[in-house]
4 protein chains.
Amino acid sequence: MDYQQILNKIYDEIKPLIGKGKVPDYIPALGNVSADHFAMAVSTVNGEEFTIGDADKNFSIQSVSKVFTLTIAMDLVGDKLWKRVGREPSGSSFNSLVQLEYENGIPRNPFINPGAIVVSDAIFEGRGKTKNRLLKFVREVSGNAAISFDEEVAESERKFGNRNRAMANLMKSFNNLNETADDVLDIYFHQCSIGMTTLDLARSVLFLANSGIDPKTGNKILSSRMTKKMNSLMLTCGLYDAVGDFAYRVGLPGKSGVGGGIAAIVPDELTVAVWSPALNKHGNSYAGTKALELFTTYADNSIF
Amino acid sequence: MDYQQILNKIYDEIKPLIGKGKVPDYIPALGNVSADHFAMAVSTVNGEEFTIGDADKNFSIQSVSKVFTLTIAMDLVGDKLWKRVGREPSGSSFNSLVQLEYENGIPRNPFINPGAIVVSDAIFEGRGKTKNRLLKFVREVSGNAAISFDEEVAESERKFGNRNRAMANLMKSFNNLNETADDVLDIYFHQCSIGMTTLDLARSVLFLANSGIDPKTGNKILSSRMTKKMNSLMLTCGLYDAVGDFAYRVGLPGKSGVGGGIAAIVPDELTVAVWSPALNKHGNSYAGTKALELFTTYADNSIF
Amino acid sequence: MDYQQILNKIYDEIKPLIGKGKVPDYIPALGNVSADHFAMAVSTVNGEEFTIGDADKNFSIQSVSKVFTLTIAMDLVGDKLWKRVGREPSGSSFNSLVQLEYENGIPRNPFINPGAIVVSDAIFEGRGKTKNRLLKFVREVSGNAAISFDEEVAESERKFGNRNRAMANLMKSFNNLNETADDVLDIYFHQCSIGMTTLDLARSVLFLANSGIDPKTGNKILSSRMTKKMNSLMLTCGLYDAVGDFAYRVGLPGKSGVGGGIAAIVPDELTVAVWSPALNKHGNSYAGTKALELFTTYADNSIF
Amino acid sequence: MDYQQILNKIYDEIKPLIGKGKVPDYIPALGNVSADHFAMAVSTVNGEEFTIGDADKNFSIQSVSKVFTLTIAMDLVGDKLWKRVGREPSGSSFNSLVQLEYENGIPRNPFINPGAIVVSDAIFEGRGKTKNRLLKFVREVSGNAAISFDEEVAESERKFGNRNRAMANLMKSFNNLNETADDVLDIYFHQCSIGMTTLDLARSVLFLANSGIDPKTGNKILSSRMTKKMNSLMLTCGLYDAVGDFAYRVGLPGKSGVGGGIAAIVPDELTVAVWSPALNKHGNSYAGTKALELFTTYADNSIF
């Protein structure tokens with residue numbers, strides 16, 4: 001089977017599962033999305049692309065954006081970043097303050113909320129400038145200059161962001177934020193609001209399957225060494241508190257978001273992105289996770 | 001021995017201990033206070049008063065003020081308050097977020113920080129109006145119209161109040177605050193900044209030793225039933241995470257503050273207040289706790 | 001009203017509540033007891049006694065026995081005991097291992113299970129000898145030479161005692177047990193199995209209301225100083241994780257057991273014991289707690 | 001460079017680090033081992049072998065043995081095993097009871113102590129029979145019929161095994177053990193005591209680099225599907241609470257033991273085992289971890 005055949009086969013199998021799970025409703029902008037969407041896109045390092053379903057429809061990438069801010073930070077700050085944030089799976093919820101208090105304001109990893117807030121602080125150079133840099137980065141790696149923040153989503157995140165505000169202030173009390181909580185959260189809420197298509201997403205992370213070089217442009221986005229490390233972080237920390245389950249079932253580095261998107265990497269070969277808004281109890285797309293499990297089964301390309 | 005003799009005797013014994021412990025330095029306004037102060041004041045329901053040491057010197061009562069806001073709330077809201085805050089000892093630090101997260105934003109009791117923040121929210125009727133009400137209350141029970149907020153301390157609390165801000169936002173995320181975090185914290189930071197003398201403090205809580213009636217004025221401050229309950233709360237929750245130790249050694253309902261003050265109640269007899277700025281590892285006045293232990297030993301008036 | 005009238009009045013009010021709650025079923029010997037029992041007994045330091053309900057019926061005192069072993073230990077070991085066990089409310093379940101692990105095998109207080117296991121270790125002098133000493137003590141303070149262990153209950157405790165075994169082994173791993181887990185648990189399981197009547201129970205703790213002296217015999221059971229401290233421990237730690245609630249509603253030092261018994265102390269006046277097998281969610285007798293709340297309301301004798 | 005050249009180069013670089021860290025002393029049998037040992041062995045699916053250092057010296061594989069019992073269990077019980085044990089990184093210490101209590105006796109994964117104890121329970125068929133089965137398995141996969149339990153180590157583990165006994169009893173209290181704690185722990189303590197050489201270890205796990213088939217004999221040890229899943233479990237859970245660090249630095253599935261051994265897998269290519277007794281703060285071999293980091297750097301064969 002070629003990849004298109006695999007996607008077609010997955011689509012057939014996955015159809016009964018689309019809509020299973022729960023669309024998150026903590027902000028209206030997410031709660032209003034229909035549970036019925038499903039999309040999958042493959043982008044290979046050789047330049048081939050394959051899609052199925054609603055792959056050209058925009059969705060809110062939410063926490064998948066943490067890959068982009070972390071890439072910027074790893075490029076800017078390098079290994080010094082690890083003085084302010086760990087790189088171990090947290091074993092607890094992405095928005096828990098318990099570990100953060102026990103561990104003196106050092107988040108376990110850059111993919112839980114407080115970790116991503118620290119990353120935002122590490123790349124902060126003013127609200128506007130940082131947001132522009134992020135947008136420029138995302139437009140470059142996706143090759144889509146139309147990608148932007150969804151200000152309605154960002155405002156919704158801000159309005160209902162008390163938990164994130166609690167985490168930022170707790171880290172501030174431990175002197176692990178340089179900027180004010182409000183300034184850093186402005187970046188954080190905006191990065192969560194980025195909208196793109198499933199195909200955009202597959203394209204955006206393709207440099208992670210290609211030793212840090214964007215094969216479409218030849219641009220070096222991240223060093224080869226840091227690219228491997230980014231993939232390791234995605235594998236051990238990228239799926240909230242279901243990293244073990246995802247590694248067991250899918251076997252690829254990945255990063256999920258509560259918008260229902262997941263991006264996964266097959267090193268040296270391809271990236272695969274899925275989107276389906278209804279989430280399982282761990283906050284990962286229900287149908288999306290299953291689709292990726294079928295993908296590595298049929299393509300026999302898990303990293304294990 | 002009469003009470004003055006007892007105070008004299010305690011002063012002799014306590015002198016070598018004055019300054020032991022650590023003056024808290026998390027805000028400059030507290031850190032600048034000399035560790036050498038010691039004061040003790042007894043106020044009886046019969047109108048007698050006895051003092052020793054710096055009993056006429058102002059200090060920052062900090063968390064002792066939680067007794068005043070809780071009195072106002074118990075009078076205003078009554079037992080409905082317990083839907084929003086528990087009445088169990090926390091078994092953990094006064095500013096911990098761990099329990100607060102596990103228990104869905106319901107603080108364990110009104111004397112830990114998040115509990116006092118909920119109490120401030122429960123009596124909120126505008127920043128200015130609430131602060132005025134509190135000031136009026138404290139002036140009435142102390143009989144000292146000069147008592148006021150120390151705006152420098154309040155500003156310092158605000159500036160370094162990230163941990164309290166984290167707690168307020170966490171409770172807000174659980175819908176356990178009606179007002180904004182900033183509005184409620186303005187009340188909270190101001191109540192902590194109240195300055196008064198040790199004698200003022202002993203007078204201020206005398207209604208708690210007299211079934212809720214201020215013996216100086218005959219005014220009913222709190223019902224007899226609620227007064228007993230307030231004393232029980234002070235005994236089980238009033239000394240941060242050293243309530244058991246304080247009950248074991250002193251044997252009285254009490255409330256301490258990081259300013260080095262402690263107010264204690266001998267029901268139907270008297271109140272006793274101490275002040276000495278250096279704190280033990282639990283955040284209670286080192287010399288003050290010892291002085292109270294000697295007081296109930298010599299006066300043989302623990303409640304047990 | 002005299003005490004008999006008060007008991008009669010309480011009985012009338014409490015009748016509709018008898019049986020509310022849940023009889024614990026973790027061991028058959030407890031699960032088989034009917035939920036319909038209710039008894040109350042008052043024993044005064046002046047030698048008067050008042051009872052209502054099934055006050056002459058035996059029941060399993062379970063954790064109330066922790067008062068007896070702790071009395072023996074405080075007499076034998078004194079304040080050195082506090083190197084091995086704390087005296088703070090735990091803020092968590094009586095059989096939790098979480099705090100025990102965080103705090104290196106030092107139980108929070110002697111009334112939670114691991115604390116009582118340490119107490120058993122502290123008074124250990126051989127299985128038989130220790131059990132005999134305990135029995136002798138209980139027979140003396142109750143004045144009832146027929147009181148004994150219920151071997152069926154003790155065996156049941158042993159058989160279903162895996163959680164206690166986990167706690168004992170955890171403390172052993174922290175070197176906080178001198179004897180083997182099995183030896184110490186033999187004492188512990190037997191002390192829990194002691195059977196007596198509600199009137200026996202009121203009599204047994206009367207020394208705690210009389211400065212340590214048994215008024216029936218004039219025997220000194222505990223020093224006056226240690227008696228006050230025992231009462232303070234009962235108030236801050238004696239009611240599982242409902243000490244604050246019990247202090248708020250009842251206002252007396254007390255100790256409860258999952259057999260449905262509670263013993264409470266009015267210093268210098270009397271003791272009051274209740275028994276009703278159905279428990280509230282905190283593991284304390286539902287009707288018993290309510291009856292004690294009515295008792296201190298009608299007799300106006302809370303310590304606050 | 002070929003693999004021998006790589007090993008030689010690593011040995012040169014690693015020499016100054018040998019002995020750094022701490023040899024564990026919780027049992028004498030481990031504490032007596034010299035910190036100065038270092039060994040490394042590579043075994044390829046093509047039948048080549050490369051070694052450096054003390055690769056033919058026996059050491060106690062301790063927790064590395066969890067790979068062998070889990071392989072037996074996955075073969076015997078299959079995916080039903082996951083009803084009794086999770087497959088998520090724990091985010092806490094390998095011998096913590098905290099999570100085990102919060103999560104009702106279900107260990108987070110099969111590589112922390114309580115998880116391995118459940119695995120021992122799952123394959124239990126009598127003490128002698130189970131130990132024989134395990135020994136037979138290890139002899140087969142290693143090709144070394146002389147491999148055996150070290151009874152002195154096993155007895156030492158039993159004697160100082162109170163923490164493991166606490167965990168087993170806690171799980172028993174949650175009905176997550178079928179056999180008695182003592183029976184299961186007998187298996188567990190013996191599996192930890194297995195002694196073998198570094199080369200034996202590299203050979204023993206070679207089936208995990210070869211889709212479950214032992215390339216030396218052609219025997220199918222585990223299904224291809226289950227082999228991938230075993231590797232994913234090793235990556236997300238195999239290095240105590242340093243899985244993220246190991247994935248970041250080394251980038252291979254691996255399993256460590258407190259005896260200083262680590263086995264790692266390069267799927268479809270080779271296995272690499274290291275041994276050096278002094279451990280880092282996470283309980284993994286200090287020099288061993290560094291050697292593996294150099295190995296994947298020089299051989300450029302991390303899975304990311």
# chains A, B, ... in the order shown; residues from 1 in each chain; ligands from 1
>>> select_by_dssp(residues="stretch 54-285 of chain C", states="helix (DSSP H, G or I)", output="JSON, numbers by chain")
{"C": [62, 63, 64, 65, 66, 67, 68, 69, 70, 71, 72, 73, 74, 75, 76, 78, 79, 80, 81, 82, 83, 98, 99, 100, 101, 102, 113, 114, 115, 116, 117, 118, 119, 120, 121, 122, 127, 128, 129, 130, 131, 132, 133, 134, 135, 136, 137, 138, 139, 140, 141, 142, 151, 152, 153, 154, 155, 156, 157, 158, 159, 162, 163, 164, 165, 166, 167, 168, 169, 170, 171, 172, 173, 181, 182, 183, 184, 185, 186, 187, 188, 189, 190, 191, 192, 198, 199, 200, 201, 202, 203, 204, 206, 207, 208, 209, 224, 225, 226, 227, 228, 229, 230, 231, 232, 233, 234, 235, 236, 237, 240, 241, 242, 243, 244, 245, 246, 247, 248, 249]}
>>> interface_residues(of="chain B", to="chain C", cutoff="10 Å", atoms="only C-alpha atoms", output="ChimeraX atom specification")
/B:86-92,99,108-109,208-209,211,225-237,241-253,265-268,297,302-304
>>> write_last_selection(atoms="C-alpha atoms", output="compact mmCIF listing (two decimals), in the first residue's frame")
# COMPACT_ATOMS: atom_id res chain seq x y z
CA GLY B 86 -13.76 24.10 55.33
CA ARG B 87 -13.05 24.10 59.03
CA GLU B 88 -10.42 21.40 59.30
CA PRO B 89 -6.74 21.83 60.04
CA SER B 90 -4.85 21.71 56.77
CA GLY B 91 -1.88 19.65 57.81
CA SER B 92 0.18 21.68 55.36
CA GLN B 99 -4.62 20.74 48.87
CA ARG B 108 -9.40 23.75 54.32
CA ASN B 109 -10.12 26.52 56.82
CA LEU B 208 -14.12 36.13 72.30
CA ALA B 209 -13.50 35.51 76.01
CA SER B 211 -19.47 35.10 74.91
CA ARG B 225 -22.85 30.31 69.93
CA MET B 226 -20.67 31.68 67.15
CA THR B 227 -18.08 32.84 69.69
CA LYS B 228 -17.56 29.29 70.93
CA LYS B 229 -17.20 28.15 67.35
CA MET B 230 -14.68 30.87 66.59
CA ASN B 231 -12.62 29.70 69.55
CA SER B 232 -12.80 26.10 68.34
CA LEU B 233 -11.59 27.22 64.90
CA MET B 234 -8.70 29.10 66.45
CA LEU B 235 -7.71 26.04 68.43
CA THR B 236 -7.82 23.58 65.52
CA CYS B 237 -6.66 25.92 62.74
CA ASP B 241 0.80 23.86 60.76
CA ALA B 242 1.67 23.88 64.45
CA VAL B 243 -1.83 23.74 65.90
CA GLY B 244 -1.18 20.43 67.64
CA ASP B 245 2.05 21.67 69.14
CA PHE B 246 0.40 24.88 70.37
CA ALA B 247 -2.56 23.02 71.85
CA TYR B 248 -0.14 20.58 73.51
CA ARG B 249 2.13 23.24 74.94
CA VAL B 250 -0.20 26.21 75.48
CA GLY B 251 -3.67 24.74 75.48
CA LEU B 252 -5.61 27.83 74.39
CA PRO B 253 -7.40 28.95 71.24
CA ILE B 265 -8.28 33.29 74.57
CA VAL B 266 -9.10 31.91 78.01
CA PRO B 267 -12.89 31.58 77.72
CA ASP B 268 -14.85 33.46 80.38
CA THR B 297 1.50 26.82 83.21
CA SER B 302 -5.36 26.03 79.76
CA ILE B 303 -8.76 24.86 78.52
CA PHE B 304 -7.75 21.21 78.99
>>> residues_around(residues="D:Val98", least_positions_apart="4", cutoff="8 Å", atoms="only C-alpha atoms", output="list in words")
Leu97, Val98 and Glu101 of chain C; Tyr102 of chain D
>>> select_by_dssp(residues="stretch 58-251 of chain B", states="strand (DSSP E)", output="list in words")
Phe59, Ser60, Ser148, Phe149, Ile194, Gly195 and Met196 of chain B
>>> write_last_selection(atoms="N, CA and C atoms", output="short mmCIF file (atom, residue, chain, number, x, y, z; two decimals), in the first residue's frame")
data_model
loop_
_atom_site.label_atom_id
_atom_site.label_comp_id
_atom_site.auth_asym_id
_atom_site.auth_seq_id
_atom_site.Cartn_x
_atom_site.Cartn_y
_atom_site.Cartn_z
N PHE B 59 2.84 47.12 65.94
CA PHE B 59 3.46 46.14 65.03
C PHE B 59 2.41 45.71 64.02
N SER B 60 2.87 44.97 63.00
CA SER B 60 1.98 44.56 61.92
C SER B 60 1.32 43.24 62.32
N SER B 148 -5.03 51.88 61.94
CA SER B 148 -5.21 52.08 60.51
C SER B 148 -4.40 51.04 59.72
N PHE B 149 -4.62 51.04 58.41
CA PHE B 149 -3.78 50.25 57.54
C PHE B 149 -2.42 50.91 57.42
N ILE B 194 -2.64 45.85 58.92
CA ILE B 194 -3.11 46.60 60.09
C ILE B 194 -2.02 46.62 61.17
N GLY B 195 -1.78 47.80 61.73
CA GLY B 195 -0.82 47.94 62.82
C GLY B 195 -1.53 48.29 64.12
N MET B 196 -1.11 47.66 65.20
CA MET B 196 -1.65 48.01 66.52
C MET B 196 -0.65 47.58 67.59
#
>>> residues_around(residues="stretch 163-180 of chain D", least_positions_apart="3", cutoff="9 Å", atoms="only C-alpha atoms", output="PyMOL selection string")
(chain C and resi 160-174) or (chain D and resi 84+95-97+100-101+104-107+113-114+117-118+121-122+124+158+160+183-185)
>>> atom_distance(atom1="atom CA of D:Gly47", atom2="atom CA of D:Ala146")
21.1 Å
>>> residues_around(residues="stretch 23-25 of chain C", least_positions_apart="6", cutoff="6 Å", atoms="only C-alpha atoms", output="mmCIF file with N, CA and C atoms, in the first residue's frame")
data_model
loop_
_atom_site.group_PDB
_atom_site.id
_atom_site.type_symbol
_atom_site.label_atom_id
_atom_site.label_comp_id
_atom_site.auth_asym_id
_atom_site.auth_seq_id
_atom_site.Cartn_x
_atom_site.Cartn_y
_atom_site.Cartn_z
ATOM 1 N N GLY C 31 -19.154 -5.784 60.552
ATOM 2 C CA GLY C 31 -20.249 -5.676 59.597
ATOM 3 C C GLY C 31 -21.536 -6.333 60.072
ATOM 4 N N PRO C 277 -23.534 2.268 65.886
ATOM 5 C CA PRO C 277 -22.579 1.673 64.929
ATOM 6 C C PRO C 277 -22.490 2.310 63.543
ATOM 7 N N ALA C 278 -23.559 2.986 63.096
ATOM 8 C CA ALA C 278 -23.484 3.515 61.719
ATOM 9 C C ALA C 278 -22.642 4.785 61.700
ATOM 10 N N LEU C 279 -21.721 4.845 60.743
ATOM 11 C CA LEU C 279 -20.703 5.908 60.729
ATOM 12 C C LEU C 279 -20.986 6.957 59.648
#
>>> residues_around(residues="D:Gln191", least_positions_apart="3", cutoff="8 Å", atoms="only C-alpha atoms", output="number ranges by chain")
D: 62, 65-66, 131, 134, 149, 187-188, 194
>>> write_last_selection(atoms="C-alpha atoms", output="tab-separated table (two decimals), in the first residue's frame")
chain	number	residue	atom	x	y	z
D	62	GLN	CA	18.81	-6.09	39.71
D	65	SER	CA	15.57	-8.39	35.23
D	66	LYS	CA	12.18	-6.66	35.03
D	131	LYS	CA	11.84	-19.27	39.72
D	134	LEU	CA	12.56	-17.46	34.96
D	149	PHE	CA	20.30	-16.56	41.28
D	187	ILE	CA	10.06	-14.32	43.17
D	188	TYR	CA	10.78	-10.61	43.10
D	194	ILE	CA	20.38	-12.69	38.97
>>> residues_around(residues="A:Ala116", least_positions_apart="3", cutoff="8 Å", atoms="only C-alpha atoms", output="ChimeraX atom specification")
/A:66,69-70,110-113,119-120,188
>>> write_last_selection(atoms="N, CA and C atoms", output="compact mmCIF listing (two decimals), in the first residue's frame")
# COMPACT_ATOMS: atom_id res chain seq x y z
N LYS A 66 3.12 24.51 21.16
CA LYS A 66 4.26 24.46 22.08
C LYS A 66 5.52 23.94 21.39
N THR A 69 7.10 27.22 19.79
CA THR A 69 7.78 28.11 20.73
C THR A 69 9.02 27.43 21.31
N LEU A 70 8.92 26.12 21.54
CA LEU A 70 10.08 25.42 22.07
C LEU A 70 11.21 25.37 21.04
N PRO A 110 8.62 21.17 28.98
CA PRO A 110 8.13 22.35 28.26
C PRO A 110 6.77 22.15 27.60
N PHE A 111 6.19 20.95 27.71
CA PHE A 111 4.93 20.71 27.02
C PHE A 111 3.71 20.74 27.95
N ILE A 112 3.92 20.76 29.26
CA ILE A 112 2.79 21.05 30.13
C ILE A 112 2.62 22.57 30.19
N ASN A 113 1.47 23.04 30.60
CA ASN A 113 1.21 24.49 30.54
C ASN A 113 2.28 25.34 31.21
N VAL A 119 8.72 28.81 28.66
CA VAL A 119 9.31 28.96 27.32
C VAL A 119 8.93 30.31 26.72
N SER A 120 7.68 30.71 26.88
CA SER A 120 7.26 32.03 26.39
C SER A 120 8.06 33.14 27.05
N TYR A 188 1.38 33.45 25.59
CA TYR A 188 0.90 32.08 25.71
C TYR A 188 -0.52 31.91 25.15
>>> closest_residue(among="D:Val64, D:Val153, D:Ala29, D:Ile18", to="D:Leu239", atoms="only C-alpha atoms")
D:Val64
>>> closest_residue(among="B:Thr44, B:Ser204, B:Thr51, B:Ser223", to="B:Val67", atoms="only C-alpha atoms")
B:Ser204
